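Remarks on the structure that follows.
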Amino acid sequence: MKLTGPFKQIVTLANLPLRGKLSDDELEIIAEGGILVNEGKILKTGSFQNLKDEFPDAELELTENEQVCLPAFTDSHTHICFGGNRANDFALRNAGKTYLEIAETGGGIWSSVQHTRAASEGELLKTTLERINFLISLGITTIEIKSGYGLDVENELKMLRVIKKAQKITKATLVPTCLSAHLKPRDFAGSSEEYLTYILEEILPKVKEENLAQRVDIFIEKSAFLPEESKEFLLKAKELGFEITVHADQFTSGSSRIAVEVGAKSADHLEATVDEDIRFIAESDTVATALPGASLGLGEKFTPARKILDAGGILAIASDWNPGSAPMGNLITQASILATFEKLSTAEVLAGITFRSAFALNLEDRGTLEKGRKADFVTFRTDNFQNILYQQGRLQAASVFIDGEKQNL
Ligand code: NIG
Ligand code: FE
């Protein structure tokens, strides 16, 4: 048993609703607090002094006084397993070309596919772990990672095996997702419908066999897969026993409806979602995931997070870290900027990167600091938790704990 503290403030994020708007006065803040951990789980949070008196045998992990503590963050949407980079795409976009134009002329996702195919498992593992470690240093201890730059049996499995190997090395929780339906690869001789069938018949059974992922994603967009074929694909993937998540409404509206109709766990992007569809998703159990890093990377508008919350939706915020549309990878900076543009409360942002994003990954054992939860938490050297978002990412995590153990950052 270990008691960590004292903290100037512990922001527990406990007792908050899964959906809808939140105001900051709903946040539970424990002053001069401590966290008691046993076997990787939280036993109790409360006044540090009271816990010390109540559990005199607990081992002490003392912190300086000027720190605040929050549940560690969950990044529920990333593409951090990739080869190469797309700095040239970034420059071309800033010179006036659109994301879709660049894709048509050999840049875009296809260029990352070629680099990822050319990379060995060892190279991919090394760079993926470097990105994982960067995310951990931000206080993120649960990370979803998609395939989707392999786009054939061999290379999709290669990516997912790399993620599985990374899980054996890192203490962070990795959640793999099969995104073979990211794009129809240029070297596939057949229609996009035939490629989706190929995924269902050739890739997903092997993913199951090797237990490489429990989730399936698709990019529904004019340049990728069309709504009708996507819906059929998702229903079949569901029949195979996969959980569903969708890249929806990034440039064109309509696909978030499909996500809701097939019972997807989350619909991510939603920059182009129209008001009627905002209501539709907000009334459903599908998590609406904003990806401000993609808006910042592409110069596109932000996901209508305010409207989603006001309509009662479950809003998560994730980084979408990928080599093309979202190269930054700093979820704290991105979530903070989303808050200023969308007028989100601190509570709404913190919920969106903790228990609400963990819910999007079906991980309801984490994201708040209360009895029984996984003891993943992050501390910042400040006396006021508001400084974290106020400083837009400049205030770095002082320490990160996974299963109650302090990590070397
Ligand atoms: O979420 N929109 C599709 N997929 C990624 C981008 C991937 C890429 O550009 O490499 C996204 O933004
Ligand atoms: Fe994405």
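Ordering of the structure tokens sets the chain letters (A, B, ...); residue numbers start at 1 within each chain; ligands are numbered from 1 in the order shown.
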Set the cut-off to 10 Å, count only C-alpha atoms and all ligand atoms, and list whatever residues fall near ligand 1 as a ChimeraX atom specification. /A:77-80,82,85-86,89,99-100,103,107-113,146,148-149,179,182-183,218-221,223-224,246-251,268-269,291,293-295,297-298,319-327
For range 30-34 of chain A, list every protein, DNA or RNA residue within 8 Å, evaluated using only C-alpha atoms, and leave out those in the same chain fewer than 3 positions away; present the list as an MDAnalysis selection string. chainID A and resid 3:12 45:49 51
I want to know what sits within 12 Å of Phe188 in chain A, based on only C-alpha atoms, with residues of the same chain fewer than 4 positions away left out; could you give that as a PyMOL selection string? chain A and resi 151-153+183-184+192-196+198-199
Can you pull out the residues contacting range 114-120 of chain A? Cut-off 6 Å, using only C-alpha atoms, and skip same-chain residues under 4 positions away; I want them as a CSV table (one decimal) with N, CA, C and O atoms, in the first residue's frame.
```
chain,number,residue,atom,x,y,z
A,82,PHE,N,3.9,4.6,-38.1
A,82,PHE,CA,4.0,5.0,-39.5
A,82,PHE,C,5.5,5.2,-39.9
A,82,PHE,O,6.3,5.4,-39.0
A,83,GLY,N,5.8,5.1,-41.2
A,83,GLY,CA,7.1,5.3,-41.6
A,83,GLY,C,7.1,6.7,-42.4
A,83,GLY,O,6.1,7.1,-42.9
A,84,GLY,N,8.3,7.3,-42.4
A,84,GLY,CA,8.5,8.5,-43.2
A,84,GLY,C,7.8,9.7,-42.5
A,84,GLY,O,7.5,9.7,-41.4
A,150,GLY,N,-0.7,0.2,-44.1
A,150,GLY,CA,-0.2,-1.1,-44.7
A,150,GLY,C,-1.0,-1.4,-46.0
A,150,GLY,O,-0.5,-1.6,-47.1
```
Of the residues A:Leu62, A:Ala290, A:Leu160, A:Leu135, which is the one nearest to ligand 2, using only C-alpha atoms and all ligand atoms?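 Residue with the minimum atom-to-atom distance to ligand 2: A:Ala290.
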Any chance you could list, as a list in words, the residues in range 191-288 of chain A that come up strand (DSSP E) when DSSP is run on the backbone?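 Selection result, strand (DSSP E) within range 191-288 of chain A: Arg215, Val216, Asp217, Ile218, Phe219, Glu243, Ile244, Thr245, Val246, His247, Ala248, Ser266, Ala267, Asp268, His269, Val287 and Ala288 of chain A.
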Best match for closeness to Arg366 in chain A among A:Ser23, A:Thr286, A:Thr173, A:Asn133, counting only C-alpha atoms: A:Thr173
Write out as a ChimeraX atom specification each polymer residue whose atoms come within 7 Å of range 368-376 of chain A, counting only C-alpha atoms; drop sequence neighbours fewer than 4 positions from it. /A:12-14,37,40-45,71-72,355,401-404
Using C-alpha atoms, can you write the selected residues to a file as an mmCIF file, in the first residue's frame?
```cif
data_model
loop_
_atom_site.group_PDB
_atom_site.id
_atom_site.type_symbol
_atom_site.label_atom_id
_atom_site.label_comp_id
_atom_site.auth_asym_id
_atom_site.auth_seq_id
_atom_site.Cartn_x
_atom_site.Cartn_y
_atom_site.Cartn_z
ATOM 1 C CA THR A 12 -10.669 13.687 -9.230
ATOM 2 C CA LEU A 13 -13.164 14.064 -12.107
ATOM 3 C CA ALA A 14 -15.351 11.727 -10.069
ATOM 4 C CA VAL A 37 -2.899 2.898 -3.984
ATOM 5 C CA GLY A 40 -2.225 -0.742 -9.064
ATOM 6 C CA LYS A 41 -5.697 0.402 -8.022
ATOM 7 C CA ILE A 42 -6.869 3.411 -6.072
ATOM 8 C CA LEU A 43 -7.975 2.504 -2.593
ATOM 9 C CA LYS A 44 -8.911 5.971 -1.414
ATOM 10 C CA THR A 45 -8.407 9.652 -2.150
ATOM 11 C CA PRO A 71 -6.264 11.286 -13.685
ATOM 12 C CA ALA A 72 -3.836 10.435 -16.491
ATOM 13 C CA PHE A 355 -13.135 9.274 -18.581
ATOM 14 C CA PHE A 401 2.153 7.347 -12.518
ATOM 15 C CA ILE A 402 0.997 4.086 -14.085
ATOM 16 C CA ASP A 403 -0.571 1.499 -11.773
ATOM 17 C CA GLY A 404 0.629 3.714 -8.938
#
```
Using only C-alpha atoms, which protein or nucleic acid residues come within 8 Å of range 338-345 of chain A? Drop anything in the same chain fewer than 2 positions from it, and give the result as number ranges by chain. A: 22-24, 292, 302, 304-306, 334-336, 347-349
Counting only C-alpha atoms and all ligand atoms, the option among A:Gly367, A:Gly329, A:Gly352, A:Gly241 closest to ligand 2: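 Answer, going by the shortest atom-to-atom distance: A:Gly329.
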Which residue is closest to Val287 in chain A? Choose from A:Leu331, A:Ile314, A:Ile29, A:Leu226 and count only C-alpha atoms.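 Closest to Val287 in chain A of all the choices is A:Ile314.
Between CA of Ala87 in chain A and CA of Ala397 in chain A there is a distance of 27.8 Å.
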From the options A:Glu232, A:Asp217, A:Asp383, A:Glu243, which residue's atoms come nearest to ligand 2, counting only C-alpha atoms and all ligand atoms?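 Closest to ligand 2 of all the choices is A:Asp217.
Interatomic distance, CA of Phe385 in chain A against CA of Val175 in chain A: 28.0 Å.
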Give me, as a PyMOL selection string, the residues of range 19-97 of chain A that a backbone DSSP run labels alpha helix (DSSP H). chain A and resi 48-54+87-94
Identify which of the residues A:Thr379, A:Ser137, A:Ser399, A:Asn384 lies closest to Cys69 in chain A, counting only C-alpha atoms when measuring atom-to-atom distances. A:Thr379
Close residues, Ile244 in chain A itself excluded, 10 Å, only C-alpha atoms, min 4 positions apart in chain, as a list in words: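 My reading of the contact set: Thr177, Cys178, Gln214, Arg215, Val216, Asp217, Ile218, Leu234, Leu235, Ala237, Lys238, Ala259, Val262, Gly263, Ala264, Lys265, Ser266, Ala267 and Thr286 of chain A.
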Enter the distance from CA of Glu276 in chain A to CA of Ser230 in chain A, in Å, rounded to one decimal.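 CA of Ser230 in chain A lies 21.1 Å from CA of Glu276 in chain A.
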